[in-house]
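Enquirer: Input structure: final.txt, which contains compact mmCIF, N, CA and C atoms.
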# COMPACT_ATOMS: atom_id res chain seq x y z
N MET A 1 -188.54 38.71 -196.06
CA MET A 1 -189.80 38.83 -195.37
C MET A 1 -190.77 39.73 -196.13
N ILE A 2 -190.27 40.84 -196.67
CA ILE A 2 -191.12 41.76 -197.40
C ILE A 2 -191.69 41.08 -198.63
N GLN A 3 -190.83 40.37 -199.35
CA GLN A 3 -191.28 39.68 -200.56
C GLN A 3 -192.31 38.62 -200.19
N ALA A 4 -192.12 37.93 -199.08
CA ALA A 4 -193.09 36.92 -198.64
C ALA A 4 -194.44 37.56 -198.35
N LEU A 5 -194.45 38.75 -197.77
CA LEU A 5 -195.71 39.44 -197.50
C LEU A 5 -196.42 39.83 -198.79
N ILE A 6 -195.64 40.27 -199.78
CA ILE A 6 -196.23 40.61 -201.08
C ILE A 6 -196.85 39.35 -201.71
N GLU A 7 -196.13 38.25 -201.63
CA GLU A 7 -196.64 37.01 -202.20
C GLU A 7 -197.86 36.49 -201.44
N LEU A 8 -197.90 36.70 -200.12
CA LEU A 8 -199.09 36.33 -199.35
C LEU A 8 -200.32 37.08 -199.84
N GLN A 9 -200.14 38.36 -200.13
CA GLN A 9 -201.26 39.14 -200.65
C GLN A 9 -201.70 38.59 -202.00
N GLU A 10 -200.74 38.23 -202.84
CA GLU A 10 -201.08 37.69 -204.16
C GLU A 10 -201.87 36.39 -204.04
N ILE A 11 -201.52 35.57 -203.07
CA ILE A 11 -202.18 34.27 -202.89
C ILE A 11 -203.55 34.43 -202.25
N THR A 12 -203.63 35.27 -201.21
CA THR A 12 -204.87 35.38 -200.43
C THR A 12 -205.81 36.48 -200.91
N GLY A 13 -205.25 37.50 -201.57
CA GLY A 13 -206.06 38.65 -201.95
C GLY A 13 -206.33 39.60 -200.79
N ASP A 14 -205.70 39.34 -199.65
CA ASP A 14 -205.90 40.15 -198.45
C ASP A 14 -204.92 41.32 -198.44
N ARG A 15 -205.45 42.53 -198.50
CA ARG A 15 -204.64 43.75 -198.60
C ARG A 15 -203.76 44.00 -197.37
N ARG A 16 -204.13 43.43 -196.24
CA ARG A 16 -203.35 43.69 -195.02
C ARG A 16 -201.90 43.26 -195.16
N TRP A 17 -201.65 42.23 -196.00
CA TRP A 17 -200.26 41.79 -196.19
C TRP A 17 -199.45 42.86 -196.92
N LEU A 18 -200.07 43.55 -197.86
CA LEU A 18 -199.38 44.65 -198.54
C LEU A 18 -199.12 45.80 -197.60
N LEU A 19 -200.07 46.09 -196.75
CA LEU A 19 -199.89 47.17 -195.77
C LEU A 19 -198.75 46.83 -194.81
N GLU A 20 -198.66 45.57 -194.43
CA GLU A 20 -197.57 45.13 -193.56
C GLU A 20 -196.23 45.21 -194.30
N ALA A 21 -196.23 44.84 -195.58
CA ALA A 21 -195.02 44.93 -196.39
C ALA A 21 -194.56 46.39 -196.50
N ARG A 22 -195.50 47.30 -196.69
CA ARG A 22 -195.15 48.72 -196.78
C ARG A 22 -194.57 49.22 -195.46
N GLU A 23 -195.18 48.82 -194.36
CA GLU A 23 -194.69 49.24 -193.04
C GLU A 23 -193.28 48.72 -192.77
N LEU A 24 -193.06 47.46 -193.11
CA LEU A 24 -191.73 46.87 -192.91
C LEU A 24 -190.70 47.53 -193.82
N THR A 25 -191.08 47.84 -195.04
CA THR A 25 -190.19 48.53 -195.98
C THR A 25 -189.80 49.90 -195.45
N GLU A 26 -190.75 50.63 -194.92
CA GLU A 26 -190.45 51.94 -194.34
C GLU A 26 -189.48 51.81 -193.17
N HIS A 27 -189.63 50.75 -192.37
CA HIS A 27 -188.70 50.50 -191.26
C HIS A 27 -187.29 50.20 -191.78
N VAL A 28 -187.21 49.37 -192.80
CA VAL A 28 -185.91 49.02 -193.38
C VAL A 28 -185.24 50.26 -193.96
N ILE A 29 -185.98 51.08 -194.68
CA ILE A 29 -185.42 52.30 -195.26
C ILE A 29 -184.90 53.23 -194.16
N ALA A 30 -185.66 53.37 -193.10
CA ALA A 30 -185.28 54.27 -192.01
C ALA A 30 -184.08 53.78 -191.21
N ASN A 31 -183.89 52.47 -191.13
CA ASN A 31 -182.88 51.94 -190.22
C ASN A 31 -181.70 51.20 -190.84
N PHE A 32 -181.77 50.87 -192.12
CA PHE A 32 -180.71 50.06 -192.72
C PHE A 32 -180.12 50.65 -193.99
N SER A 33 -180.46 51.88 -194.32
CA SER A 33 -180.05 52.49 -195.59
C SER A 33 -178.62 52.98 -195.62
N GLU A 34 -178.03 52.87 -196.79
CA GLU A 34 -176.79 53.57 -197.11
C GLU A 34 -177.21 54.69 -198.06
N VAL A 35 -177.25 55.87 -197.57
CA VAL A 35 -177.82 57.00 -198.30
C VAL A 35 -177.12 57.24 -199.63
N GLU A 36 -175.80 57.13 -199.66
CA GLU A 36 -175.04 57.47 -200.85
C GLU A 36 -175.38 56.58 -202.06
N THR A 37 -175.60 55.30 -201.83
CA THR A 37 -175.82 54.38 -202.94
C THR A 37 -177.25 53.88 -203.06
N GLY A 38 -178.01 53.98 -201.98
CA GLY A 38 -179.36 53.43 -201.98
C GLY A 38 -179.42 51.99 -201.53
N PHE A 39 -178.25 51.36 -201.32
CA PHE A 39 -178.23 49.97 -200.87
C PHE A 39 -178.59 49.88 -199.39
N PHE A 40 -178.69 48.65 -198.91
CA PHE A 40 -179.07 48.40 -197.53
C PHE A 40 -178.02 47.55 -196.84
N TYR A 41 -177.77 47.87 -195.58
CA TYR A 41 -176.86 47.10 -194.73
C TYR A 41 -177.62 45.99 -194.03
N TYR A 42 -176.87 45.01 -193.51
CA TYR A 42 -177.46 43.95 -192.70
C TYR A 42 -177.67 44.39 -191.25
N THR A 43 -176.97 45.43 -190.84
CA THR A 43 -177.11 45.93 -189.47
C THR A 43 -177.69 47.33 -189.50
N LYS A 44 -178.41 47.68 -188.45
CA LYS A 44 -179.09 48.96 -188.45
C LYS A 44 -178.15 50.12 -188.10
N THR A 45 -178.57 51.29 -188.50
CA THR A 45 -177.83 52.51 -188.22
C THR A 45 -177.63 52.66 -186.72
N GLY A 46 -176.43 53.02 -186.31
CA GLY A 46 -176.16 53.25 -184.91
C GLY A 46 -175.76 52.01 -184.12
N GLN A 47 -175.75 50.85 -184.77
CA GLN A 47 -175.35 49.64 -184.06
C GLN A 47 -173.86 49.70 -183.78
N THR A 48 -173.47 49.54 -182.53
CA THR A 48 -172.08 49.74 -182.14
C THR A 48 -171.31 48.46 -181.85
N ASP A 49 -171.96 47.31 -181.87
CA ASP A 49 -171.27 46.07 -181.53
C ASP A 49 -170.70 45.34 -182.75
N VAL A 50 -170.60 46.03 -183.89
CA VAL A 50 -170.00 45.43 -185.08
C VAL A 50 -168.84 46.31 -185.54
N ILE A 51 -167.81 45.68 -186.07
CA ILE A 51 -166.64 46.42 -186.54
C ILE A 51 -166.93 47.10 -187.87
N ILE A 52 -167.64 46.40 -188.73
CA ILE A 52 -167.97 46.94 -190.05
C ILE A 52 -169.41 46.56 -190.39
N ARG A 53 -170.10 47.46 -191.01
CA ARG A 53 -171.48 47.19 -191.43
C ARG A 53 -171.44 46.56 -192.82
N LYS A 54 -171.90 45.33 -192.91
CA LYS A 54 -171.85 44.58 -194.17
C LYS A 54 -173.09 44.83 -195.01
N LYS A 55 -172.85 44.92 -196.31
CA LYS A 55 -173.95 44.93 -197.28
C LYS A 55 -173.55 43.99 -198.40
N GLU A 56 -174.50 43.28 -198.93
CA GLU A 56 -174.21 42.33 -199.98
C GLU A 56 -174.97 42.73 -201.24
N VAL A 57 -174.25 42.77 -202.35
CA VAL A 57 -174.89 43.11 -203.63
C VAL A 57 -174.75 41.99 -204.65
N TYR A 58 -173.87 41.03 -204.40
CA TYR A 58 -173.66 39.93 -205.34
C TYR A 58 -174.52 38.74 -204.94
N ASP A 59 -175.15 38.12 -205.94
CA ASP A 59 -175.96 36.94 -205.68
C ASP A 59 -175.07 35.71 -205.64
N GLY A 60 -175.41 34.80 -204.77
CA GLY A 60 -174.74 33.51 -204.70
C GLY A 60 -175.77 32.43 -204.96
N ALA A 61 -175.75 31.41 -204.12
CA ALA A 61 -176.75 30.34 -204.24
C ALA A 61 -178.15 30.88 -203.98
N VAL A 62 -178.22 31.94 -203.19
CA VAL A 62 -179.49 32.63 -202.96
C VAL A 62 -179.30 34.10 -203.35
N PRO A 63 -180.36 34.79 -203.69
CA PRO A 63 -180.23 36.20 -204.06
C PRO A 63 -179.70 37.03 -202.88
N SER A 64 -178.96 38.07 -203.19
CA SER A 64 -178.48 38.96 -202.13
C SER A 64 -179.66 39.70 -201.51
N GLY A 65 -179.47 40.15 -200.29
CA GLY A 65 -180.50 40.94 -199.62
C GLY A 65 -180.87 42.18 -200.42
N ASN A 66 -179.88 42.80 -201.05
CA ASN A 66 -180.16 44.00 -201.83
C ASN A 66 -180.92 43.70 -203.11
N ALA A 67 -180.70 42.53 -203.72
CA ALA A 67 -181.47 42.15 -204.90
C ALA A 67 -182.94 41.95 -204.53
N VAL A 68 -183.17 41.27 -203.42
CA VAL A 68 -184.54 41.03 -202.98
C VAL A 68 -185.20 42.35 -202.59
N MET A 69 -184.45 43.21 -201.92
CA MET A 69 -185.01 44.49 -201.50
C MET A 69 -185.32 45.37 -202.71
N ALA A 70 -184.45 45.38 -203.70
CA ALA A 70 -184.70 46.18 -204.90
C ALA A 70 -185.96 45.69 -205.61
N TYR A 71 -186.12 44.38 -205.71
CA TYR A 71 -187.30 43.81 -206.36
C TYR A 71 -188.57 44.18 -205.59
N SER A 72 -188.51 44.04 -204.27
CA SER A 72 -189.66 44.38 -203.43
C SER A 72 -189.99 45.87 -203.50
N LEU A 73 -188.96 46.70 -203.45
CA LEU A 73 -189.17 48.15 -203.54
C LEU A 73 -189.86 48.52 -204.85
N TYR A 74 -189.41 47.90 -205.92
CA TYR A 74 -190.01 48.21 -207.21
C TYR A 74 -191.49 47.81 -207.24
N GLN A 75 -191.78 46.60 -206.79
CA GLN A 75 -193.17 46.14 -206.77
C GLN A 75 -194.04 47.08 -205.92
N LEU A 76 -193.56 47.41 -204.73
CA LEU A 76 -194.34 48.26 -203.84
C LEU A 76 -194.45 49.68 -204.38
N SER A 77 -193.46 50.13 -205.12
CA SER A 77 -193.53 51.48 -205.71
C SER A 77 -194.70 51.57 -206.68
N VAL A 78 -194.94 50.49 -207.39
CA VAL A 78 -196.06 50.46 -208.33
C VAL A 78 -197.38 50.32 -207.58
N LEU A 79 -197.42 49.41 -206.62
CA LEU A 79 -198.66 49.14 -205.90
C LEU A 79 -199.14 50.31 -205.05
N PHE A 80 -198.19 51.08 -204.49
CA PHE A 80 -198.56 52.19 -203.61
C PHE A 80 -198.28 53.56 -204.24
N ASP A 81 -197.94 53.58 -205.52
CA ASP A 81 -197.64 54.82 -206.23
C ASP A 81 -196.62 55.65 -205.46
N LYS A 82 -195.45 55.04 -205.25
CA LYS A 82 -194.35 55.68 -204.52
C LYS A 82 -193.16 55.83 -205.48
N PRO A 83 -193.15 56.91 -206.25
CA PRO A 83 -192.07 57.07 -207.24
C PRO A 83 -190.68 57.13 -206.60
N GLU A 84 -190.57 57.58 -205.36
CA GLU A 84 -189.26 57.63 -204.71
C GLU A 84 -188.69 56.23 -204.48
N TRP A 85 -189.54 55.24 -204.28
CA TRP A 85 -189.07 53.87 -204.14
C TRP A 85 -188.62 53.32 -205.49
N ARG A 86 -189.32 53.68 -206.54
CA ARG A 86 -188.90 53.28 -207.89
C ARG A 86 -187.55 53.90 -208.22
N GLU A 87 -187.39 55.16 -207.91
CA GLU A 87 -186.12 55.85 -208.16
C GLU A 87 -184.98 55.21 -207.38
N ARG A 88 -185.28 54.79 -206.16
CA ARG A 88 -184.24 54.15 -205.36
C ARG A 88 -183.82 52.83 -205.99
N THR A 89 -184.77 52.09 -206.51
CA THR A 89 -184.45 50.84 -207.20
C THR A 89 -183.54 51.12 -208.40
N LEU A 90 -183.88 52.15 -209.17
CA LEU A 90 -183.06 52.51 -210.32
C LEU A 90 -181.67 52.97 -209.90
N GLN A 91 -181.59 53.69 -208.77
CA GLN A 91 -180.29 54.12 -208.24
C GLN A 91 -179.44 52.90 -207.88
N MET A 92 -180.06 51.90 -207.26
CA MET A 92 -179.34 50.69 -206.89
C MET A 92 -178.83 49.96 -208.14
N LEU A 93 -179.68 49.85 -209.14
CA LEU A 93 -179.28 49.17 -210.37
C LEU A 93 -178.18 49.92 -211.10
N SER A 94 -178.29 51.24 -211.14
CA SER A 94 -177.29 52.06 -211.82
C SER A 94 -175.93 51.94 -211.14
N ALA A 95 -175.92 51.85 -209.83
CA ALA A 95 -174.65 51.74 -209.09
C ALA A 95 -173.92 50.44 -209.44
N LEU A 96 -174.65 49.45 -209.93
CA LEU A 96 -174.04 48.15 -210.24
C LEU A 96 -173.78 47.96 -211.73
N GLY A 97 -174.10 48.95 -212.54
CA GLY A 97 -174.03 48.81 -213.99
C GLY A 97 -172.76 48.18 -214.52
N LEU A 98 -171.62 48.72 -214.18
CA LEU A 98 -170.34 48.22 -214.69
C LEU A 98 -170.05 46.81 -214.16
N ALA A 99 -170.33 46.59 -212.88
CA ALA A 99 -170.09 45.26 -212.29
C ALA A 99 -170.95 44.20 -212.95
N VAL A 100 -172.19 44.53 -213.28
CA VAL A 100 -173.09 43.58 -213.94
C VAL A 100 -172.54 43.22 -215.32
N CYS A 101 -172.02 44.22 -216.04
CA CYS A 101 -171.45 43.97 -217.37
C CYS A 101 -170.21 43.10 -217.29
N ARG A 102 -169.39 43.29 -216.27
CA ARG A 102 -168.13 42.54 -216.14
C ARG A 102 -168.34 41.14 -215.56
N HIS A 103 -169.33 41.00 -214.66
CA HIS A 103 -169.54 39.73 -213.95
C HIS A 103 -171.02 39.37 -213.93
N PRO A 104 -171.62 39.14 -215.08
CA PRO A 104 -173.07 38.91 -215.13
C PRO A 104 -173.55 37.71 -214.31
N SER A 105 -172.72 36.69 -214.17
CA SER A 105 -173.16 35.52 -213.40
C SER A 105 -173.23 35.79 -211.91
N SER A 106 -172.70 36.92 -211.46
CA SER A 106 -172.78 37.28 -210.04
C SER A 106 -174.09 37.98 -209.72
N PHE A 107 -174.93 38.17 -210.71
CA PHE A 107 -176.20 38.87 -210.52
C PHE A 107 -177.33 38.06 -211.13
N GLY A 108 -177.48 36.84 -210.67
CA GLY A 108 -178.47 35.93 -211.23
C GLY A 108 -179.91 36.27 -210.89
N SER A 109 -180.10 37.04 -209.83
CA SER A 109 -181.45 37.41 -209.42
C SER A 109 -181.73 38.83 -209.87
N GLY A 110 -182.38 38.98 -211.01
CA GLY A 110 -182.71 40.31 -211.51
C GLY A 110 -183.80 40.95 -210.68
N PRO A 111 -183.57 42.18 -210.18
CA PRO A 111 -184.56 42.81 -209.32
C PRO A 111 -185.83 43.22 -210.05
N VAL A 112 -185.75 43.54 -211.33
CA VAL A 112 -186.98 43.94 -212.04
C VAL A 112 -187.00 43.33 -213.42
Here is the file; what I need is its structure written in the form of structure tokens.
Expert:
Amino acid sequence: MIQALIELQEITGDRRWLLEARELTEHVIANFSEVETGFFYYTKTGQTDVIIRKKEVYDGAVPSGNAVMAYSLYQLSVLFDKPEWRERTLQMLSALGLAVCRHPSSFGSGPV
């Protein structure tokens, strides 16, 4: 959804889509973050009706949620001058360094 909002702004030139993307990103960071790695879960913090909180970092037929989020975070970090979002993207990429080297085909969607 965030990436779609960024692309809407690119197509229309309407800044409101970027503002909406920033607002949604702030919501995702506040509610779906794994602080230790910088990755994001599919379920929000405090959700009690799940046994385990899933996060996906490997790409399949479609990019993983974390790949899309890293790409969006990086773009928005540049557009809104948010170095902490850029750093988070780099933290996410660094956490996958060895896995990317061992299994490059599992990471077909490059975030940046």
Enquirer: When you look at Asp59 of chain A with a cut-off of 5 Å (counting only N, CA and C atoms), what residues show up, excluding the ones that are within fewer than 3 positions of it in the same chain? I need them as a PyMOL selection string.
Expert: chain A and resi 62-64+106-107
Enquirer: So that I can see what lies close to Phe40 of chain A, please list as a VMD selection string the residues with an atom at most 8 Å from it, counting only C-alpha atoms and leaving out residues fewer than 2 positions away in the same chain.
Expert: chain A and resid 29 32 to 34 38 42 55 65 to 66
Enquirer: Can you work out which one of A:Leu73, A:Val50, A:Ala99, A:Leu8 has the shortest atom-to-atom distance to Arg22 of chain A, counting only C-alpha atoms?
Expert: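 Closest candidate: A:Leu73.
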Enquirer: Please compute the atom CA of Pro104 of chain A-atom CA of Ala67 of chain A distance, one decimal, in Å.
Expert: 13.6 Å
Enquirer: Nearest to Arg88 of chain A: which of A:Ile2, A:Ala70, A:Val100, A:Ile11 is it, counting all atoms listed in the file?
Expert: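 Of the candidates, the smallest distance to Arg88 of chain A is held by A:Ala70.
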Enquirer: As a VMD selection string, list the residues of chain A assigned to alpha helix (DSSP H) by DSSP on the backbone atoms of this structure.
Expert: chain A and resid 2 to 12 16 to 32 65 to 79 83 to 95 97 to 102
Enquirer: Using only C-alpha atoms, find the one residue out of A:Ile51, A:Met69, A:Met1, A:Leu76 that sits nearest to Leu19 of chain A.
Expert: A:Leu76
Enquirer: Which is closer to Leu5 of chain A than all the others in A:Asp81, A:Gln75, A:Ile52, A:Val57, using only C-alpha atoms?
Expert: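 Using only C-alpha atoms, the shortest distance to Leu5 of chain A belongs to A:Gln75.
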Enquirer: Any idea what the distance is between atom CA of Tyr58 of chain A and atom C of Gln91 of chain A?
Expert: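 That distance, rounded to one decimal, is 14.4 Å.
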Enquirer: Would you mind reading off the distance between atom CA of Val28 of chain A and atom CA of Ser72 of chain A, one decimal, in Å?
Expert: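 Result for atom CA of Val28 of chain A versus atom CA of Ser72 of chain A: 11.7 Å, one decimal.
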Enquirer: Using only C-alpha atoms, find all polymer residues with an atom at most 6 Å away from the point (-190.9, 53.6, -209.2); report them as number ranges by chain.
Expert: A: 74, 77, 83, 85-87
Enquirer: Those same residues - N, CA and C atoms - I'd like them written as a short mmCIF file (atom, residue, chain, number, x, y, z; two decimals), keeping the file's coordinate frame.
Expert:
data_model
loop_
_atom_site.label_atom_id
_atom_site.label_comp_id
_atom_site.auth_asym_id
_atom_site.auth_seq_id
_atom_site.Cartn_x
_atom_site.Cartn_y
_atom_site.Cartn_z
N TYR A 74 -189.41 47.90 -205.92
CA TYR A 74 -190.01 48.21 -207.21
C TYR A 74 -191.49 47.81 -207.24
N SER A 77 -193.46 50.13 -205.12
CA SER A 77 -193.53 51.48 -205.71
C SER A 77 -194.70 51.57 -206.68
N PRO A 83 -193.15 56.91 -206.25
CA PRO A 83 -192.07 57.07 -207.24
C PRO A 83 -190.68 57.13 -206.60
N TRP A 85 -189.54 55.24 -204.28
CA TRP A 85 -189.07 53.87 -204.14
C TRP A 85 -188.62 53.32 -205.49
N ARG A 86 -189.32 53.68 -206.54
CA ARG A 86 -188.90 53.28 -207.89
C ARG A 86 -187.55 53.90 -208.22
N GLU A 87 -187.39 55.16 -207.91
CA GLU A 87 -186.12 55.85 -208.16
C GLU A 87 -184.98 55.21 -207.38
#
Enquirer: Considering only C-alpha atoms, state which residue in the set A:Thr89, A:Thr12, A:Ser105, A:Gln3 is at the smallest distance from Phe39 of chain A.
Expert: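 Residue with the minimum atom-to-atom distance to Phe39 of chain A: A:Thr89.
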